[in-house]
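A.B. asks: As input, take input-v1.txt (compact mmCIF, C-alpha atoms and all ligand atoms):
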# COMPACT_ATOMS: atom_id res chain seq x y z
CA MET A 1 0.00 0.00 0.00
CA ALA A 2 1.34 3.43 -0.89
CA SER A 3 2.33 5.77 1.88
CA PRO A 4 0.35 9.03 1.95
CA ILE A 5 3.68 10.83 1.72
CA GLU A 6 3.78 9.85 -1.97
CA HIS A 7 0.82 12.10 -2.60
CA THR A 8 2.39 15.42 -1.87
CA PRO A 9 2.38 18.09 -4.59
CA PRO A 10 3.01 18.55 -7.38
CA TYR A 11 -0.11 16.82 -8.59
CA TYR A 12 -0.10 15.71 -12.19
CA VAL A 13 -3.19 16.66 -14.14
CA GLY A 14 -3.92 15.28 -17.58
CA TYR A 15 -6.31 17.46 -19.51
CA PHE A 16 -8.58 16.47 -22.39
CA ILE A 17 -9.77 18.98 -24.97
CA GLY A 18 -13.04 17.66 -26.38
CA SER A 19 -12.66 19.66 -29.61
CA LEU A 20 -10.36 18.86 -32.52
CA SER A 21 -10.68 22.39 -33.92
CA GLU A 22 -7.57 24.56 -34.27
CA GLN A 23 -9.71 27.54 -33.20
CA SER A 24 -11.30 25.76 -30.27
CA ILE A 25 -12.68 28.04 -27.59
CA ASN A 26 -12.34 25.12 -25.22
CA ARG A 27 -8.62 25.00 -25.94
CA THR A 28 -8.36 28.68 -25.07
CA LEU A 29 -10.38 27.99 -21.92
CA ALA A 30 -7.91 25.25 -21.01
CA ARG A 31 -5.04 27.71 -21.51
CA ALA A 32 -6.78 30.14 -19.20
CA LEU A 33 -7.31 27.47 -16.54
CA MET A 34 -3.64 26.52 -16.61
CA ARG A 35 -2.62 30.17 -16.25
CA LEU A 36 -4.90 30.58 -13.26
CA ALA A 37 -4.22 27.22 -11.55
CA PRO A 38 -2.27 26.79 -8.32
CA ARG A 39 1.41 26.28 -9.06
CA GLU A 40 1.27 22.85 -7.43
CA LEU A 41 -0.60 21.46 -10.44
CA GLU A 42 1.40 20.23 -13.45
CA PHE A 43 -0.50 19.82 -16.68
CA THR A 44 -0.11 17.47 -19.62
CA GLU A 45 -2.50 17.32 -22.54
CA ILE A 46 -4.00 13.89 -23.16
CA VAL A 47 -4.15 14.06 -26.94
CA ILE A 48 -7.22 12.42 -28.51
CA LYS A 49 -6.93 13.41 -32.16
CA ASP A 50 -4.69 10.54 -33.32
CA LEU A 51 -6.82 7.69 -32.02
CA PRO A 52 -8.63 5.47 -34.53
CA LEU A 53 -12.24 4.61 -33.89
CA TYR A 54 -12.54 2.19 -31.01
CA ASN A 55 -13.26 -1.40 -32.06
CA ARG A 56 -13.50 -4.18 -29.48
CA ASP A 57 -12.00 -6.61 -31.98
CA LEU A 58 -8.70 -4.88 -31.15
CA ASP A 59 -8.98 -5.51 -27.39
CA GLY A 60 -6.29 -8.20 -27.48
CA HIS A 61 -3.89 -6.14 -29.57
CA PHE A 62 -4.40 -2.41 -29.16
CA PRO A 63 -2.72 -0.17 -31.74
CA GLN A 64 0.36 1.63 -30.44
CA SER A 65 -1.49 4.97 -30.43
CA ALA A 66 -4.04 3.58 -27.98
CA ILE A 67 -1.36 1.94 -25.81
CA ASP A 68 0.51 5.25 -25.59
CA PHE A 69 -2.73 7.12 -24.95
CA LYS A 70 -3.65 4.87 -22.04
CA ALA A 71 -0.15 5.10 -20.60
CA SER A 72 -0.34 8.90 -20.67
CA ILE A 73 -3.54 8.73 -18.60
CA ALA A 74 -2.18 6.16 -16.15
CA GLU A 75 0.69 8.53 -15.23
CA GLN A 76 -1.69 11.24 -13.99
CA ASP A 77 -3.09 11.92 -10.54
CA ALA A 78 -6.14 13.67 -11.92
CA LEU A 79 -7.99 14.31 -15.16
CA LEU A 80 -9.55 17.56 -16.33
CA PHE A 81 -12.12 17.47 -19.14
CA VAL A 82 -12.57 20.72 -21.07
CA THR A 83 -15.19 20.05 -23.67
CA PRO A 84 -17.67 21.60 -26.05
CA GLU A 85 -21.23 20.41 -26.36
CA TYR A 86 -22.18 18.80 -29.67
CA ASN A 87 -25.87 18.24 -30.19
CA ARG A 88 -26.50 18.21 -26.43
CA SER A 89 -23.80 15.60 -25.82
CA ILE A 90 -20.02 15.33 -25.76
CA PRO A 91 -18.19 15.29 -29.11
CA GLY A 92 -17.73 11.86 -30.66
CA ALA A 93 -13.94 12.24 -30.60
CA LEU A 94 -13.97 12.59 -26.83
CA LYS A 95 -16.35 9.68 -26.34
CA ASN A 96 -14.14 7.57 -28.61
CA ALA A 97 -11.08 8.46 -26.52
CA ILE A 98 -12.87 7.56 -23.29
CA ASP A 99 -13.95 4.25 -24.79
CA TRP A 100 -10.30 3.40 -25.56
CA ALA A 101 -9.29 4.42 -22.04
CA SER A 102 -11.93 2.16 -20.51
CA ARG A 103 -10.94 -1.03 -22.32
CA PRO A 104 -10.11 -3.91 -22.43
CA HIS A 105 -12.48 -4.94 -19.66
CA GLY A 106 -10.57 -4.78 -16.37
CA ALA A 107 -8.01 -2.26 -17.61
CA ASN A 108 -9.93 0.98 -17.28
CA VAL A 109 -7.31 3.68 -16.65
CA ILE A 110 -9.85 6.36 -15.72
CA ALA A 111 -10.99 4.47 -12.62
CA ARG A 112 -10.10 6.18 -9.34
CA LYS A 113 -8.61 9.27 -10.97
CA ALA A 114 -9.83 12.54 -9.48
CA THR A 115 -11.75 14.25 -12.27
CA ALA A 116 -13.34 17.59 -13.06
CA VAL A 117 -15.51 18.70 -15.95
CA ILE A 118 -15.82 22.14 -17.51
CA GLY A 119 -16.80 23.47 -20.91
CA ALA A 120 -17.35 26.53 -23.04
CA SER A 121 -19.98 27.34 -25.63
CA PRO A 122 -21.38 30.47 -27.25
CA GLY A 123 -24.74 29.17 -26.05
CA ALA A 124 -26.56 30.37 -22.94
CA ILE A 125 -26.30 27.13 -20.98
CA GLY A 126 -22.57 26.76 -21.62
CA THR A 127 -22.29 22.96 -22.23
CA ALA A 128 -24.48 22.04 -19.24
CA VAL A 129 -26.14 19.11 -21.00
CA ALA A 130 -22.88 17.68 -22.35
CA GLN A 131 -21.34 17.95 -18.90
CA GLN A 132 -24.17 15.98 -17.33
CA GLY A 133 -23.65 13.25 -19.91
CA LEU A 134 -19.92 13.21 -19.25
CA ARG A 135 -20.52 12.99 -15.50
CA SER A 136 -22.65 9.92 -16.09
CA ILE A 137 -19.84 8.30 -18.10
CA LEU A 138 -17.27 9.11 -15.42
CA SER A 139 -19.54 7.65 -12.75
CA PHE A 140 -19.81 4.42 -14.71
CA LEU A 141 -16.02 4.36 -15.05
CA ASN A 142 -15.64 4.70 -11.27
CA ALA A 143 -13.87 8.06 -11.36
CA PRO A 144 -14.40 10.32 -8.38
CA GLN A 145 -15.51 13.70 -9.71
CA MET A 146 -15.66 17.19 -8.29
CA ASN A 147 -19.40 17.84 -7.92
CA ALA A 148 -19.13 21.50 -7.08
CA PRO A 149 -18.52 24.19 -8.06
CA GLU A 150 -19.97 23.56 -11.49
CA ALA A 151 -18.71 25.69 -14.38
CA TYR A 152 -20.78 26.37 -17.49
CA ILE A 153 -18.91 28.98 -19.47
CA THR A 154 -20.72 31.06 -22.07
CA VAL A 155 -18.01 32.54 -24.28
CA ARG A 156 -18.70 35.84 -26.00
CA PRO A 157 -16.18 37.11 -28.58
CA GLY A 158 -13.15 38.54 -26.78
CA LEU A 159 -13.82 36.95 -23.40
CA ILE A 160 -10.71 34.75 -23.70
CA THR A 161 -7.73 35.76 -25.82
CA PRO A 162 -6.00 33.11 -27.95
CA GLU A 163 -3.25 33.02 -25.32
CA GLY A 164 -5.77 32.22 -22.60
CA GLU A 165 -6.11 35.59 -20.91
CA ILE A 166 -9.54 36.29 -19.45
CA THR A 167 -10.70 39.83 -20.18
CA ASN A 168 -13.56 39.87 -17.66
CA PRO A 169 -12.30 40.12 -14.04
CA ALA A 170 -15.36 38.38 -12.57
CA THR A 171 -14.91 35.41 -14.91
CA GLU A 172 -11.21 35.34 -14.16
CA ASP A 173 -11.88 35.27 -10.41
CA PHE A 174 -14.45 32.53 -10.86
CA LEU A 175 -12.12 30.35 -12.91
CA ARG A 176 -9.21 30.90 -10.52
CA ALA A 177 -11.39 29.83 -7.60
CA TRP A 178 -12.61 26.85 -9.62
CA MET A 179 -9.03 25.67 -10.13
CA VAL A 180 -8.29 26.10 -6.43
CA SER A 181 -11.33 23.94 -5.71
CA PHE A 182 -10.05 21.31 -8.11
CA TYR A 183 -6.63 21.38 -6.47
CA GLU A 184 -8.24 20.88 -3.04
CA TYR A 185 -10.42 18.12 -4.44
CA ILE A 186 -7.41 16.28 -5.88
CA GLU A 187 -5.71 16.54 -2.52
CA ARG A 188 -8.75 15.10 -0.74
CA VAL A 189 -9.07 12.21 -3.19
CA LEU A 190 -5.39 11.33 -2.92
CA THR A 191 -5.67 11.46 0.86
CA VAL A 192 -8.63 9.13 1.17
CA VAL A 193 -7.75 6.74 -1.68
CA PRO A 194 -4.60 5.02 -0.43
CA SER A 195 -3.92 2.97 -3.57
CA PRO A 196 -1.31 4.57 -5.82
CA ALA A 197 -3.11 6.64 -8.42
CA ARG A 198 -0.08 7.23 -10.57
CA GLY A 199 0.57 4.38 -12.95
CA ASP A 200 -2.43 2.38 -11.78
CA ALA A 201 -3.98 0.73 -14.84
CA ARG A 202 -6.38 -1.65 -13.11
CA GLY A 203 -10.03 -1.57 -14.11
C1 LIG A 301 -22.29 22.77 -31.88
N1 LIG A 301 -22.51 23.80 -30.98
C2 LIG A 301 -23.31 23.59 -29.88
N2 LIG A 301 -23.33 24.47 -28.83
C3 LIG A 301 -24.09 24.20 -27.73
O1 LIG A 301 -24.08 24.99 -26.79
N3 LIG A 301 -24.85 23.10 -27.66
C4 LIG A 301 -24.90 22.16 -28.67
O2 LIG A 301 -25.57 21.17 -28.55
C5 LIG A 301 -24.11 22.41 -29.82
N4 LIG A 301 -24.06 21.52 -30.86
C6 LIG A 301 -23.10 21.63 -31.82
C7 LIG A 301 -22.90 20.57 -32.70
C8 LIG A 301 -21.87 20.63 -33.61
C9 LIG A 301 -21.61 19.46 -34.52
C10 LIG A 301 -21.04 21.76 -33.66
C11 LIG A 301 -19.87 21.84 -34.65
C12 LIG A 301 -21.25 22.82 -32.83
C13 LIG A 301 -21.74 25.04 -31.09
C14 LIG A 301 -20.45 24.93 -30.29
O3 LIG A 301 -20.71 25.28 -28.96
C15 LIG A 301 -19.40 25.87 -30.88
O4 LIG A 301 -19.11 25.49 -32.22
C16 LIG A 301 -18.13 25.86 -30.06
O5 LIG A 301 -17.23 26.85 -30.57
C17 LIG A 301 -17.47 24.48 -30.11
O6 LIG A 301 -16.37 24.44 -29.23
P1 LIG A 301 -14.87 24.57 -29.73
O7 LIG A 301 -14.68 23.61 -30.87
O8 LIG A 301 -14.72 25.99 -30.23
O9 LIG A 301 -14.05 24.29 -28.54
Can you dump the structure from the file as C-alpha cells?
C.D. replies:
Amino acid sequence: MASPIEHTPPYYVGYFIGSLSEQSINRTLARALMRLAPRELEFTEIVIKDLPLYNRDLDGHFPQSAIDFKASIAEQDALLFVTPEYNRSIPGALKNAIDWASRPHGANVIARKATAVIGASPGAIGTAVAQQGLRSILSFLNAPQMNAPEAYITVRPGLITPEGEITNPATEDFLRAWMVSFYEYIERVLTVVPSPARGDARG
C-alpha cells in the first residue's frame, strides 16, 4: 500500500480537450485554466486526435497509439475534461477516446482518478447538458468527480484571448477559484484513496 507521503504536490493533471478544432474556444479555456491554476498542479495534454475509432475486436492487440494514450492517462493523478457540447452531448472524438481508455475490460485507466468537468460554448447554458452526460460516463467508469462548483462557461467574442487571458475580471476570479477547488479536491481524493493513483492501470 502506498504511503500518503507519496501524494504530496506537485499533482499531475492530464487534460482532455473535447474539440479537434484549431480555433477551439475550449482549448483557449484550457489555456486560461492553466494560467490561473495553483502552481502545485502540473498539466499534460492527453491528446485524442490521433486515435482510430474504437473497435472491441482490437482488445487483445491495441494499436500503439491507444497503448501510448492509455499510458499517458495512467501517469496522472487527476484528469480535467474541457469540452464543447455537440448536439446536447459530448463530441464523438472525446467519447471515442474515453472508450479506448476504458478497455479492455478490467483495464480501465480512468478508474479512481480525481476528475473535473468544464466546458465553453457560445450558447446560454454553456455545455451544461454535455457535462451531465460526461458525468454519467465518469460515474460508470468509477472516477471520483468534483461535484461542485460547477462551471458552465458562455463565451462571448473577446472573453478569452487566444493566449488564454480572461478579459472579464469576474470570470477570471471565478475560474481561478474553480481551479483552487479542483486542487483541493485532488488533494482530498489522494488522501482518502490510499492505492497509488499514478501508474495504476487496473479496471
Ligand atoms: C455545436 N454547438 C453547440 N453548442 C451548444 O451549446 N450546444 C450544442 O448542442 C451544440 N451543438 C453543436 C454541434 C456541432 C456538430 C457543432 C460543430 C457545434 C456550437 C459549439 O458550442 C461551438 O461550435 C463551439 O465553438 C465548439 O467548441 P470549440 O470547438 O470551439 O471548442
A.B. asks: State, in Å with one decimal place, the distance from CA of Ser121 (chain A) to CA of Lys49 (chain A).
C.D. replies: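 Going from CA of Ser121 (chain A) over to CA of Lys49 (chain A), I get 20.2 Å.
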A.B. asks: Find the residue from A:Ala128, A:Ala177, A:Val82, A:Leu159 that sits nearest to Ile17 (chain A); use only C-alpha atoms when measuring.
C.D. replies: A:Val82
A.B. asks: Name all residues at most 10 Å from Phe182 (chain A) (count all atoms listed in the file; drop same-chain ones fewer than 3 positions away) and give them as a list in words.
C.D. replies: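 Skipping anything fewer than 3 positions along the chain leaves Ala37, Pro38, Leu41, Ala78, Leu80, Ala114, Thr115, Ala116, Val117, Gln145, Met146, Asn147, Ala148, Pro149, Arg176, Ala177, Trp178, Met179, Tyr185, Ile186, Glu187 and Arg188 of chain A.
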A.B. asks: As an exercise, work out the distance from CA of Tyr86 (chain A) to atom C14 of ligand LIG 301 (chain A) in Å and give it to one decimal place.
C.D. replies: 6.4 Å
A.B. asks: Of the candidates A:Ala143, A:Ala97, A:Ala30, A:Ile118, which shows the shortest atom-to-atom distance to Asn55 (chain A), using all atoms listed in the file?
C.D. replies: A:Ala97
A.B. asks: Got a sec: who's within 12 Å of Gly123 (chain A), counting all atoms listed in the file, leaving out chain neighbours fewer than 5 positions off, as an NGL selection string?
C.D. replies: :A and (84-88 or 128-129 or 152-157)
A.B. asks: Which polymer residues have any atom within 7 Å of an atom of Ala101 (chain A), counting all atoms listed in the file, with same-chain residues fewer than 5 positions away left out, as a list in words?
C.D. replies: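 Everything that qualifies: Lys70, Asn108, Val109 and Ile110 of chain A.
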A.B. asks: Could you take the residues named above and write them with C-alpha atoms, as a compact mmCIF listing (two decimals), keeping the file's coordinate frame?
C.D. replies:
# COMPACT_ATOMS: atom_id res chain seq x y z
CA LYS A 70 -3.65 4.87 -22.04
CA ASN A 108 -9.93 0.98 -17.28
CA VAL A 109 -7.31 3.68 -16.65
CA ILE A 110 -9.85 6.36 -15.72
A.B. asks: I'd like to know which of A:Ile73, A:Val180, A:Leu94, A:Leu175 is closest to ligand LIG 301 (chain A), using only C-alpha atoms and all ligand atoms.
C.D. replies: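 Checking each candidate against ligand LIG 301 (chain A), we get A:Leu94 as the closest.
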A.B. asks: Point out the residue among A:Gly133, A:Pro63, A:Pro144, A:Pro91 with the least atom-to-atom distance to ligand LIG 301 (chain A), counting all atoms listed in the file.
C.D. replies: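 Of A:Gly133, A:Pro63, A:Pro144, A:Pro91, the one nearest ligand LIG 301 (chain A) is A:Pro91, counting all atoms listed in the file.
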A.B. asks: For Ile98 (chain A), which residue out of A:Gly119, A:Tyr54, A:Ser65, A:Ser181 is the nearest one, using only C-alpha atoms?
C.D. replies: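 Under the stated criterion, the closest residue is A:Tyr54.
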A.B. asks: Around all the atoms of ligand LIG 301 (chain A) listed in the file, draw an axis-aligned box and extend it by 5 Å on each of the six sides; I want its centre and edge lengths in Å to one decimal, as lines of an AutoDock Vina configuration file.
C.D. replies:
center_x = -19.8
center_y = 23.2
center_z = -30.7
size_x = 21.5
size_y = 17.4
size_z = 17.9
A.B. asks: Could you tell me which of A:Leu58, A:Tyr183, A:Gln23, A:Gly18 comes closest to Gln131 (chain A) if we count all atoms listed in the file?
C.D. replies: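 Result for the nearest residue to Gln131 (chain A): A:Gly18.
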A.B. asks: Using all atoms listed in the file, which residues sit within 12 Å of Ile67 (chain A) once same-chain residues fewer than 6 positions away are excluded, as a list of chain:residue names?
C.D. replies: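 Answer for this query is A:Asp50, A:Leu51, A:Pro52, A:Leu58, A:Asp59, A:Gly60, A:His61, A:Ile73, A:Ala74, A:Ala97, A:Trp100, A:Ala101, A:Ser102, A:Arg103, A:Pro104, A:Ala107, A:Val109, A:Ala201.
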A.B. asks: For the selection just defined, write its residues with C-alpha atoms to a file, as a CSV table (one decimal), in the frame of the given file.
C.D. replies:
chain,number,residue,atom,x,y,z
A,50,ASP,CA,-4.7,10.5,-33.3
A,51,LEU,CA,-6.8,7.7,-32.0
A,52,PRO,CA,-8.6,5.5,-34.5
A,58,LEU,CA,-8.7,-4.9,-31.2
A,59,ASP,CA,-9.0,-5.5,-27.4
A,60,GLY,CA,-6.3,-8.2,-27.5
A,61,HIS,CA,-3.9,-6.1,-29.6
A,73,ILE,CA,-3.5,8.7,-18.6
A,74,ALA,CA,-2.2,6.2,-16.2
A,97,ALA,CA,-11.1,8.5,-26.5
A,100,TRP,CA,-10.3,3.4,-25.6
A,101,ALA,CA,-9.3,4.4,-22.0
A,102,SER,CA,-11.9,2.2,-20.5
A,103,ARG,CA,-10.9,-1.0,-22.3
A,104,PRO,CA,-10.1,-3.9,-22.4
A,107,ALA,CA,-8.0,-2.3,-17.6
A,109,VAL,CA,-7.3,3.7,-16.6
A,201,ALA,CA,-4.0,0.7,-14.8
A.B. asks: So that I can see what lies close to Arg39 (chain A), please list as a list in words the residues with an atom at most 10 Å from it, counting only C-alpha atoms and leaving out residues fewer than 2 positions away in the same chain.
C.D. replies: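 Those residues are Pro9, Pro10, Tyr11, Met34, Arg35, Leu36, Ala37, Leu41, Glu42 and Tyr183 of chain A.
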A.B. asks: What would the file be for region 58-71 of chain A if you keep all heavy atoms and write it as a compact mmCIF listing (two decimals), in the first residue's frame?
C.D. replies:
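The resulting file, result36.txt, is shown below:
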# COMPACT_ATOMS: atom_id res chain seq x y z
N LEU A 58 -10.12 -5.18 -31.39
CA LEU A 58 -8.70 -4.88 -31.15
C LEU A 58 -8.32 -5.01 -29.67
O LEU A 58 -7.19 -4.70 -29.29
CB LEU A 58 -8.37 -3.46 -31.64
CG LEU A 58 -8.63 -3.19 -33.12
CD1 LEU A 58 -8.37 -1.73 -33.46
CD2 LEU A 58 -7.76 -4.10 -33.98
N ASP A 59 -9.26 -5.48 -28.83
CA ASP A 59 -8.98 -5.51 -27.39
C ASP A 59 -7.74 -6.34 -27.05
O ASP A 59 -7.03 -6.01 -26.11
CB ASP A 59 -10.19 -6.03 -26.63
CG ASP A 59 -11.18 -4.91 -26.30
OD1 ASP A 59 -10.94 -3.77 -26.72
OD2 ASP A 59 -12.19 -5.19 -25.62
N GLY A 60 -7.46 -7.38 -27.78
CA GLY A 60 -6.29 -8.20 -27.48
C GLY A 60 -5.00 -7.64 -28.03
O GLY A 60 -3.91 -8.07 -27.63
N HIS A 61 -5.11 -6.69 -28.94
CA HIS A 61 -3.89 -6.14 -29.57
C HIS A 61 -4.16 -4.68 -29.96
O HIS A 61 -4.33 -4.35 -31.13
CB HIS A 61 -3.44 -6.98 -30.77
CG HIS A 61 -4.56 -7.40 -31.67
ND1 HIS A 61 -4.91 -6.71 -32.80
CD2 HIS A 61 -5.43 -8.43 -31.59
CE1 HIS A 61 -5.95 -7.31 -33.37
NE2 HIS A 61 -6.28 -8.35 -32.66
N PHE A 62 -4.16 -3.84 -28.94
CA PHE A 62 -4.40 -2.41 -29.16
C PHE A 62 -3.35 -1.83 -30.11
O PHE A 62 -2.16 -2.20 -30.04
CB PHE A 62 -4.29 -1.67 -27.82
CG PHE A 62 -5.60 -1.44 -27.12
CD1 PHE A 62 -6.70 -2.25 -27.35
CD2 PHE A 62 -5.73 -0.40 -26.20
CE1 PHE A 62 -7.89 -2.03 -26.69
CE2 PHE A 62 -6.92 -0.17 -25.54
CZ PHE A 62 -8.00 -0.99 -25.78
N PRO A 63 -3.73 -0.88 -30.96
CA PRO A 63 -2.72 -0.17 -31.74
C PRO A 63 -1.82 0.64 -30.82
O PRO A 63 -2.22 1.02 -29.70
CB PRO A 63 -3.55 0.74 -32.65
CG PRO A 63 -4.89 0.85 -31.99
CD PRO A 63 -5.10 -0.42 -31.22
N GLN A 64 -0.59 0.93 -31.29
CA GLN A 64 0.36 1.63 -30.44
C GLN A 64 -0.18 2.98 -29.97
O GLN A 64 0.08 3.40 -28.84
CB GLN A 64 1.69 1.83 -31.20
CG GLN A 64 2.84 2.27 -30.30
CD GLN A 64 3.16 1.25 -29.21
OE1 GLN A 64 3.19 0.05 -29.45
NE2 GLN A 64 3.36 1.74 -27.98
N SER A 65 -0.95 3.66 -30.83
CA SER A 65 -1.49 4.97 -30.43
C SER A 65 -2.39 4.84 -29.21
O SER A 65 -2.37 5.70 -28.31
CB SER A 65 -2.25 5.61 -31.59
OG SER A 65 -3.33 4.80 -32.00
N ALA A 66 -3.15 3.76 -29.13
CA ALA A 66 -4.04 3.58 -27.98
C ALA A 66 -3.26 3.14 -26.75
O ALA A 66 -3.59 3.55 -25.62
CB ALA A 66 -5.12 2.55 -28.32
N ILE A 67 -2.21 2.33 -26.94
CA ILE A 67 -1.36 1.94 -25.81
C ILE A 67 -0.70 3.18 -25.21
O ILE A 67 -0.70 3.38 -23.98
CB ILE A 67 -0.30 0.92 -26.28
CG1 ILE A 67 -0.97 -0.39 -26.68
CG2 ILE A 67 0.77 0.70 -25.20
CD1 ILE A 67 -0.05 -1.38 -27.38
N ASP A 68 -0.15 4.03 -26.07
CA ASP A 68 0.51 5.25 -25.59
C ASP A 68 -0.49 6.18 -24.92
O ASP A 68 -0.20 6.81 -23.89
CB ASP A 68 1.18 5.98 -26.76
CG ASP A 68 2.33 5.19 -27.36
OD1 ASP A 68 2.79 4.21 -26.72
OD2 ASP A 68 2.76 5.52 -28.47
N PHE A 69 -1.67 6.27 -25.51
CA PHE A 69 -2.73 7.12 -24.95
C PHE A 69 -3.10 6.66 -23.53
O PHE A 69 -3.17 7.46 -22.60
CB PHE A 69 -3.94 7.04 -25.89
CG PHE A 69 -5.20 7.63 -25.37
CD1 PHE A 69 -5.37 9.00 -25.31
CD2 PHE A 69 -6.24 6.81 -24.94
CE1 PHE A 69 -6.56 9.55 -24.83
CE2 PHE A 69 -7.42 7.35 -24.46
CZ PHE A 69 -7.57 8.72 -24.41
N LYS A 70 -3.29 5.37 -23.37
CA LYS A 70 -3.65 4.87 -22.04
C LYS A 70 -2.51 5.08 -21.04
O LYS A 70 -2.75 5.41 -19.88
CB LYS A 70 -4.02 3.38 -22.11
CG LYS A 70 -5.36 3.14 -22.79
CD LYS A 70 -5.83 1.71 -22.63
CE LYS A 70 -6.17 1.38 -21.19
NZ LYS A 70 -6.73 0.03 -21.05
N ALA A 71 -1.29 4.90 -21.50
CA ALA A 71 -0.15 5.10 -20.60
C ALA A 71 -0.08 6.56 -20.15
O ALA A 71 0.25 6.85 -18.99
CB ALA A 71 1.14 4.70 -21.30
